[in-house]
$ cat protein_9.tsv   # TSV, C-alpha atoms
chain	number	residue	atom	x	y	z
A	1	MET	CA	18.08	0.03	-28.63
A	2	TYR	CA	17.93	1.28	-25.06
A	3	LYS	CA	19.85	-0.51	-22.36
A	4	ARG	CA	17.66	-2.92	-20.51
A	5	THR	CA	17.45	-2.99	-16.75
A	6	ARG	CA	19.15	-6.06	-15.38
A	7	ILE	CA	17.82	-7.30	-12.09
A	8	PHE	CA	20.99	-9.15	-11.19
A	9	ASP	CA	23.45	-6.40	-12.03
A	10	LEU	CA	25.34	-6.32	-8.72
A	11	ASN	CA	26.87	-2.92	-9.50
A	12	TYR	CA	23.64	-1.35	-8.33
A	13	TYR	CA	23.67	-2.72	-4.86
A	14	LYS	CA	26.58	-0.97	-3.23
A	15	PHE	CA	24.70	2.27	-2.64
A	16	VAL	CA	22.15	3.21	0.01
A	17	GLY	CA	19.84	4.57	-2.67
A	18	SER	CA	19.69	1.34	-4.64
A	19	TRP	CA	18.82	-0.69	-1.54
A	20	ALA	CA	16.20	1.86	-0.60
A	21	TRP	CA	14.80	1.57	-4.12
A	22	ILE	CA	14.71	-2.22	-4.29
A	23	LEU	CA	13.21	-2.53	-0.79
A	24	HIS	CA	10.63	0.08	-1.75
A	25	ARG	CA	9.54	-2.03	-4.68
A	26	LEU	CA	9.46	-5.30	-2.75
A	27	SER	CA	7.50	-3.72	0.11
A	28	GLY	CA	5.13	-2.13	-2.41
A	29	LEU	CA	4.45	-5.46	-4.09
A	30	ALA	CA	3.82	-7.05	-0.68
A	31	LEU	CA	1.38	-4.30	0.25
A	32	ILE	CA	-0.73	-4.74	-2.88
A	33	PHE	CA	-1.34	-8.35	-1.82
A	34	TYR	CA	-2.33	-7.14	1.62
A	35	LEU	CA	-4.68	-4.53	0.12
A	36	THR	CA	-6.49	-7.32	-1.74
A	37	LEU	CA	-6.90	-9.29	1.49
A	38	HIS	CA	-8.05	-6.15	3.29
A	39	ILE	CA	-10.76	-5.35	0.73
A	40	TRP	CA	-12.03	-8.91	1.06
A	41	VAL	CA	-12.14	-8.77	4.89
A	42	ILE	CA	-14.06	-5.49	4.83
A	43	ASN	CA	-16.45	-7.06	2.33
A	44	THR	CA	-17.36	-9.78	4.86
A	45	LEU	CA	-18.97	-7.02	6.96
A	46	THR	CA	-21.90	-7.15	4.57
A	47	MET	CA	-22.37	-10.89	5.16
A	48	GLY	CA	-23.63	-10.46	8.71
A	49	PRO	CA	-22.07	-10.45	12.17
A	50	GLU	CA	-21.38	-14.21	12.38
A	51	LYS	CA	-19.28	-14.38	9.24
A	52	PHE	CA	-17.37	-11.18	10.05
A	53	GLU	CA	-16.62	-12.21	13.61
A	54	ARG	CA	-15.43	-15.62	12.44
A	55	VAL	CA	-13.00	-13.97	10.05
A	56	ILE	CA	-11.79	-11.52	12.73
A	57	GLN	CA	-11.34	-14.35	15.19
A	58	PHE	CA	-9.26	-16.22	12.63
A	59	LEU	CA	-7.15	-13.09	12.07
A	60	SER	CA	-6.66	-12.54	15.81
A	61	SER	CA	-4.55	-15.65	16.30
A	62	PRO	CA	-0.93	-15.12	17.47
A	63	LEU	CA	0.34	-16.06	14.00
A	64	PHE	CA	-1.62	-13.25	12.36
A	65	LYS	CA	-0.63	-10.82	15.12
A	66	PHE	CA	3.02	-11.49	14.32
A	67	LEU	CA	2.25	-11.07	10.63
A	68	GLU	CA	0.61	-7.76	11.60
A	69	VAL	CA	3.88	-6.75	13.28
A	70	GLY	CA	5.59	-7.47	9.97
A	71	LEU	CA	2.91	-5.58	8.07
A	72	TRP	CA	3.39	-2.53	10.31
A	73	GLY	CA	7.11	-2.67	9.52
A	74	VAL	CA	6.56	-3.00	5.77
A	75	ILE	CA	4.05	-0.12	5.80
A	76	LEU	CA	6.40	2.11	7.81
A	77	TYR	CA	9.36	1.35	5.56
A	78	HIS	CA	7.37	2.04	2.40
A	79	ALA	CA	5.76	5.16	3.89
A	80	PHE	CA	8.95	6.73	5.26
A	81	ASN	CA	11.08	5.89	2.24
A	82	GLY	CA	8.16	7.30	0.22
A	83	VAL	CA	8.53	10.57	2.14
A	84	ARG	CA	12.19	10.52	1.13
A	85	VAL	CA	11.23	9.99	-2.53
A	86	VAL	CA	8.84	12.96	-2.39
A	87	ILE	CA	11.47	15.16	-0.71
A	88	VAL	CA	14.04	14.13	-3.34
A	89	ASP	CA	11.61	14.84	-6.19
A	90	PHE	CA	10.13	18.12	-4.99
A	91	PHE	CA	12.51	19.70	-2.48
A	92	LYS	CA	16.09	19.12	-3.70
A	93	GLY	CA	16.40	16.18	-1.37
A	94	SER	CA	18.83	14.46	-3.73
A	95	LEU	CA	21.64	16.45	-2.12
A	96	VAL	CA	21.01	14.81	1.25
A	97	HIS	CA	19.12	11.66	0.26
A	98	LYS	CA	21.43	9.28	2.14
A	99	LYS	CA	21.16	11.24	5.37
A	100	LEU	CA	17.43	11.51	4.83
A	101	PHE	CA	17.25	7.74	4.51
A	102	VAL	CA	19.03	7.19	7.81
A	103	VAL	CA	16.92	9.76	9.69
A	104	LEU	CA	13.57	8.66	8.28
A	105	ILE	CA	14.26	4.97	8.74
A	106	ALA	CA	15.35	5.66	12.32
A	107	ILE	CA	11.99	7.36	12.96
A	108	ALA	CA	10.19	4.49	11.25
A	109	PHE	CA	12.09	1.98	13.37
A	110	VAL	CA	11.09	3.69	16.62
A	111	LEU	CA	7.44	3.74	15.50
A	112	TRP	CA	7.73	0.09	14.48
A	113	ALA	CA	9.08	-0.94	17.87
A	114	LEU	CA	6.35	1.01	19.70
A	115	GLY	CA	3.58	-0.38	17.50
A	116	SER	CA	4.91	-3.92	17.66
A	117	TYR	CA	4.93	-3.78	21.45
A	118	LEU	CA	1.26	-2.72	21.41
A	119	LEU	CA	0.28	-5.36	18.85
A	120	ILE	CA	1.96	-8.16	20.79
A	121	SER	CA	0.37	-6.95	24.03
A	122	HIS	CA	-3.05	-7.38	22.35
A	123	ILE	CA	-2.53	-11.10	21.79
A	124	GLN	CA	-4.89	-13.22	23.83
A	125	TRP	CA	-2.90	-16.37	24.43
B	1	MET	CA	21.01	2.14	-33.85
B	2	LYS	CA	17.77	3.92	-33.52
B	3	LYS	CA	16.93	5.13	-30.05
B	4	THR	CA	13.32	4.80	-29.08
B	5	PHE	CA	12.15	6.31	-25.84
B	6	ARG	CA	8.59	6.53	-26.99
B	7	GLU	CA	7.11	5.15	-23.80
B	8	SER	CA	8.76	7.67	-21.54
B	9	SER	CA	8.11	10.71	-23.69
B	10	LYS	CA	4.56	9.89	-24.61
B	11	ALA	CA	3.04	9.33	-21.22
B	12	GLY	CA	3.79	8.84	-17.59
B	13	ALA	CA	4.07	12.41	-16.28
B	14	ILE	CA	0.52	12.51	-14.95
B	15	ALA	CA	0.83	9.03	-13.47
B	16	TRP	CA	4.13	10.08	-11.88
B	17	LEU	CA	2.51	13.12	-10.27
B	18	LEU	CA	-0.58	11.18	-9.20
B	19	GLN	CA	1.66	8.53	-7.66
B	20	ARG	CA	3.12	11.23	-5.40
B	21	VAL	CA	-0.19	12.93	-4.66
B	22	THR	CA	-1.77	9.61	-3.65
B	23	ALA	CA	1.39	8.81	-1.68
B	24	VAL	CA	0.87	11.89	0.51
B	25	LEU	CA	-2.83	11.05	0.95
B	26	LEU	CA	-2.02	7.45	1.84
B	27	PHE	CA	0.76	8.43	4.22
B	28	ILE	CA	-1.59	10.54	6.33
B	29	GLY	CA	-4.57	8.21	5.94
B	30	LEU	CA	-2.73	4.96	6.51
B	31	ILE	CA	-0.83	6.02	9.62
B	32	TYR	CA	-4.07	7.36	11.14
B	33	HIS	CA	-5.95	4.22	10.08
B	34	PHE	CA	-3.34	1.89	11.52
B	35	VAL	CA	-3.04	3.76	14.82
B	36	TYR	CA	-6.81	3.89	15.22
B	37	TYR	CA	-7.80	0.40	14.05
B	38	HIS	CA	-4.81	-1.64	15.09
B	39	PHE	CA	-3.58	0.08	18.27
B	40	ILE	CA	-6.43	2.04	19.88
B	41	SER	CA	-9.06	-0.60	19.04
B	42	LYS	CA	-6.77	-3.26	20.55
B	43	GLY	CA	-7.69	-5.61	17.72
B	44	VAL	CA	-11.31	-5.82	18.84
B	45	TYR	CA	-13.83	-5.08	16.10
B	46	PRO	CA	-17.46	-5.35	17.22
B	47	TRP	CA	-19.52	-5.82	14.05
B	48	LYS	CA	-22.24	-3.39	15.14
B	49	GLU	CA	-19.83	-0.54	15.84
B	50	VAL	CA	-17.87	-1.02	12.62
B	51	VAL	CA	-21.04	-1.10	10.53
B	52	ALA	CA	-22.46	1.98	12.30
B	53	ARG	CA	-19.25	3.90	11.56
B	54	MET	CA	-19.29	2.79	7.96
B	55	GLN	CA	-22.80	4.16	7.52
B	56	SER	CA	-21.81	7.76	8.20
B	57	PRO	CA	-21.56	9.85	5.01
B	58	TRP	CA	-18.20	11.44	5.85
B	59	PHE	CA	-16.70	8.06	6.48
B	60	ASN	CA	-18.02	6.88	3.12
B	61	LEU	CA	-16.39	9.77	1.31
B	62	LEU	CA	-13.13	9.10	3.12
B	63	GLN	CA	-13.35	5.42	2.31
B	64	PHE	CA	-14.03	6.09	-1.34
B	65	VAL	CA	-11.05	8.45	-1.67
B	66	PHE	CA	-8.88	5.99	0.22
B	67	LEU	CA	-9.94	3.03	-1.90
B	68	ALA	CA	-9.34	4.88	-5.16
B	69	ALA	CA	-6.00	6.31	-4.00
B	70	ALA	CA	-4.72	2.99	-2.65
B	71	LEU	CA	-5.70	1.05	-5.77
B	72	PHE	CA	-4.22	3.64	-8.10
B	73	HIS	CA	-1.00	3.89	-6.11
B	74	GLY	CA	-0.58	0.13	-5.77
B	75	LEU	CA	-1.41	-0.85	-9.30
B	76	ASN	CA	0.46	2.06	-10.87
B	77	GLY	CA	3.39	0.84	-8.81
B	78	VAL	CA	3.06	-2.63	-10.31
B	79	TRP	CA	2.94	-1.01	-13.75
B	80	MET	CA	6.13	0.96	-13.00
B	81	VAL	CA	7.89	-2.29	-12.11
B	82	THR	CA	6.52	-3.88	-15.29
B	83	GLU	CA	7.86	-1.02	-17.43
B	84	ASP	CA	11.33	-1.57	-15.98
B	85	TYR	CA	11.62	-5.26	-16.69
B	86	ILE	CA	9.13	-6.18	-19.41
B	87	HIS	CA	9.99	-4.78	-22.84
B	88	GLY	CA	7.91	-6.83	-25.23
B	89	LYS	CA	4.87	-4.97	-26.51
B	90	ILE	CA	2.53	-7.94	-26.27
B	91	TRP	CA	3.64	-8.85	-22.74
B	92	ARG	CA	3.21	-5.28	-21.63
B	93	MET	CA	-0.28	-5.18	-23.08
B	94	ILE	CA	-1.20	-8.46	-21.35
B	95	ILE	CA	0.10	-7.24	-18.00
B	96	PHE	CA	-1.57	-3.86	-18.43
B	97	CYS	CA	-4.93	-5.54	-19.09
B	98	LEU	CA	-4.38	-7.80	-16.08
B	99	ILE	CA	-3.59	-4.83	-13.82
B	100	LEU	CA	-6.63	-2.98	-15.15
B	101	PHE	CA	-8.83	-6.02	-14.59
B	102	VAL	CA	-7.60	-6.59	-11.02
B	103	GLY	CA	-7.95	-2.87	-10.27
B	104	LEU	CA	-11.50	-2.64	-11.58
B	105	ALA	CA	-12.52	-5.87	-9.85
B	106	LEU	CA	-11.17	-4.71	-6.47
B	107	PHE	CA	-12.68	-1.26	-6.99
B	108	PHE	CA	-16.02	-2.90	-7.75
B	109	VAL	CA	-15.84	-5.08	-4.61
B	110	GLY	CA	-14.94	-2.02	-2.52
B	111	ILE	CA	-17.74	0.13	-3.92
B	112	LEU	CA	-20.18	-2.75	-3.51
B	113	THR	CA	-19.17	-3.02	0.16
B	114	ILE	CA	-19.74	0.71	0.70
B	115	PHE	CA	-23.19	0.54	-0.94
B	116	LYS	CA	-24.31	-2.73	0.62
B	117	ILE	CA	-23.34	-1.71	4.12
B	118	GLN	CA	-25.82	1.20	4.02
B	119	SER	CA	-28.81	-1.13	4.12
B	120	VAL	CA	-27.37	-3.51	6.74
B	121	LYS	CA	-29.05	-3.29	10.14

$ encode --input "protein_9.tsv" --output "structure tokens"
Amino acid sequence: MYKRTRIFDLNYYKFVGSWAWILHRLSGLALIFYLTLHIWVINTLTMGPEKFERVIQFLSSPLFKFLEVGLWGVILYHAFNGVRVVIVDFFKGSLVHKKLFVVLIAIAFVLWALGSYLLISHIQW
Amino acid sequence: MKKTFRESSKAGAIAWLLQRVTAVLLFIGLIYHFVYYHFISKGVYPWKEVVARMQSPWFNLLQFVFLAAALFHGLNGVWMVTEDYIHGKIWRMIIFCLILFVGLALFFVGILTIFKIQSVK
């Protein structure tokens, strides 16, 4: 019998890599829900301008703008940690994967702050 | 005790590679998409403009690649999580069928959108 993965094995969670891994999974699962919503919203384009504009209006409320700020953060985390995964897998990144994490997440954080500022400035109160 | 690593030796290498290939595609595509549609557009989406853009052939090709890559990457990701925590054969089969069903359904909706939008005026 192989050893089963235990979700609550706390021994995992003292390393940068394990946090990066678990956050990657959680953000990934969140994004698949968003993708579903996105495909549906794009589909309303075919139902005529009234329906589409009603949906867009609904999604332009401050609440959804703040959710969009969160979405931008989740996307950036998943994307930049994904870059780290690719570098580790293809370019011997495992030797520097902790440093890579810090650098990439710092870049992601700057982009997140910039994007969030823009998104919030688009809110029509 | 008999060690069985059948799952990992039998398959997964191609999915592993495709997960990374689609990751690179999505990284470029998604950042561009988000900057263009969420920042530059200022959250304003006039129906006419969006539809006109979606009727151009290059955009359609891009959209198709993006849809396929995103669905594969996302649902293969869900399958990777499943393989880590679900070990029963029946449960795995049920979840696999569910993932396949959701994937095909979303793919169908996406393709339908691309086709239907061509005849919208």

$ closest_residue --input "protein_9.tsv" --among "B:Gly12, B:Gly110, B:Pro57, B:Gly103" --to "chain A" --atoms "only C-alpha atoms"
B:Gly110

$ closest_residue --input "protein_9.tsv" --among "B:Trp47, B:Ala15, B:Tyr37, B:Leu62" --to "chain A" --atoms "all atoms listed in the file"
B:Trp47

$ interface_residues --input "protein_9.tsv" --of "chain A" --to "chain B" --cutoff "9 Å" --atoms "all atoms listed in the file" --output "JSON, numbers by chain"
{"A": [1, 2, 4, 5, 6, 7, 25, 28, 29, 31, 32, 35, 36, 39, 40, 42, 43, 44, 45, 46, 48, 49, 50, 52, 53, 56, 60, 68, 72, 75, 76, 79, 80, 82, 83, 85, 86, 115, 118, 119, 121, 122, 123]}

$ atom_distance --input "protein_9.tsv" --atom1 "CA of His24 (chain A)" --atom2 "CA of Ile105 (chain A)"
12.1 Å

$ atom_distance --input "protein_9.tsv" --atom1 "CA of Ile90 (chain B)" --atom2 "CA of Leu26 (chain A)"
24.7 Å

$ atom_distance --input "protein_9.tsv" --atom1 "CA of Phe59 (chain B)" --atom2 "CA of Leu100 (chain B)"
26.3 Å

$ residues_around --input "protein_9.tsv" --residues "Trp79 (chain B)" --least-positions-apart "6" --cutoff "9 Å" --atoms "all atoms listed in the file" --output "JSON, numbers by chain"
{"B": [92, 95, 96, 99]}

$ closest_residue --input "protein_9.tsv" --among "A:Leu37, A:Ser27, A:Phe91, A:Gln57" --to "Gly73 (chain A)" --atoms "only C-alpha atoms"
A:Ser27

$ closest_residue --input "protein_9.tsv" --among "A:His97, A:Leu114, A:Ala106, A:Phe66" --to "Phe15 (chain A)" --atoms "all atoms listed in the file"
A:His97

$ closest_residue --input "protein_9.tsv" --among "A:Phe101, A:Phe58, A:Tyr77, A:Phe64" --to "Ile120 (chain A)" --atoms "all atoms listed in the file"
A:Phe64

$ build_atoms --input "protein_9.tsv" --residues "region 91-113 of chain B" --atoms "N, CA and C atoms" --output "short mmCIF file (atom, residue, chain, number, x, y, z; two decimals), in the coordinates of the input"
data_model
loop_
_atom_site.label_atom_id
_atom_site.label_comp_id
_atom_site.auth_asym_id
_atom_site.auth_seq_id
_atom_site.Cartn_x
_atom_site.Cartn_y
_atom_site.Cartn_z
N TRP B 91 3.61 -8.56 -24.18
CA TRP B 91 3.64 -8.85 -22.74
C TRP B 91 3.17 -7.67 -21.93
N ARG B 92 3.63 -6.48 -22.35
CA ARG B 92 3.21 -5.28 -21.63
C ARG B 92 1.71 -5.10 -21.71
N MET B 93 1.17 -5.36 -22.89
CA MET B 93 -0.28 -5.18 -23.08
C MET B 93 -1.03 -6.18 -22.20
N ILE B 94 -0.54 -7.43 -22.17
CA ILE B 94 -1.20 -8.46 -21.35
C ILE B 94 -1.18 -8.04 -19.88
N ILE B 95 -0.01 -7.61 -19.41
CA ILE B 95 0.10 -7.24 -18.00
C ILE B 95 -0.74 -5.99 -17.70
N PHE B 96 -0.76 -5.06 -18.63
CA PHE B 96 -1.57 -3.86 -18.43
C PHE B 96 -3.05 -4.23 -18.28
N CYS B 97 -3.52 -5.11 -19.16
CA CYS B 97 -4.93 -5.54 -19.09
C CYS B 97 -5.20 -6.25 -17.77
N LEU B 98 -4.23 -7.06 -17.34
CA LEU B 98 -4.38 -7.80 -16.08
C LEU B 98 -4.47 -6.83 -14.90
N ILE B 99 -3.58 -5.83 -14.89
CA ILE B 99 -3.59 -4.83 -13.82
C ILE B 99 -4.93 -4.09 -13.81
N LEU B 100 -5.36 -3.71 -15.02
CA LEU B 100 -6.63 -2.98 -15.15
C LEU B 100 -7.79 -3.83 -14.64
N PHE B 101 -7.77 -5.11 -14.99
CA PHE B 101 -8.83 -6.02 -14.59
C PHE B 101 -8.86 -6.18 -13.06
N VAL B 102 -7.69 -6.44 -12.48
CA VAL B 102 -7.60 -6.59 -11.02
C VAL B 102 -8.06 -5.30 -10.33
N GLY B 103 -7.59 -4.17 -10.85
CA GLY B 103 -7.95 -2.87 -10.27
C GLY B 103 -9.44 -2.64 -10.29
N LEU B 104 -10.06 -2.87 -11.46
CA LEU B 104 -11.50 -2.64 -11.58
C LEU B 104 -12.28 -3.60 -10.71
N ALA B 105 -11.82 -4.87 -10.66
CA ALA B 105 -12.52 -5.87 -9.85
C ALA B 105 -12.47 -5.48 -8.37
N LEU B 106 -11.29 -5.10 -7.88
CA LEU B 106 -11.17 -4.71 -6.47
C LEU B 106 -11.95 -3.43 -6.18
N PHE B 107 -11.92 -2.50 -7.13
CA PHE B 107 -12.68 -1.26 -6.99
C PHE B 107 -14.18 -1.58 -6.89
N PHE B 108 -14.62 -2.48 -7.73
CA PHE B 108 -16.02 -2.90 -7.75
C PHE B 108 -16.41 -3.52 -6.40
N VAL B 109 -15.56 -4.43 -5.91
CA VAL B 109 -15.84 -5.08 -4.61
C VAL B 109 -15.91 -4.02 -3.50
N GLY B 110 -14.97 -3.08 -3.53
CA GLY B 110 -14.94 -2.02 -2.52
C GLY B 110 -16.18 -1.15 -2.55
N ILE B 111 -16.56 -0.72 -3.76
CA ILE B 111 -17.74 0.13 -3.92
C ILE B 111 -18.99 -0.64 -3.48
N LEU B 112 -19.04 -1.91 -3.87
CA LEU B 112 -20.18 -2.75 -3.51
C LEU B 112 -20.30 -2.83 -1.99
N THR B 113 -19.17 -2.98 -1.31
CA THR B 113 -19.17 -3.02 0.16
C THR B 113 -19.76 -1.73 0.72
#
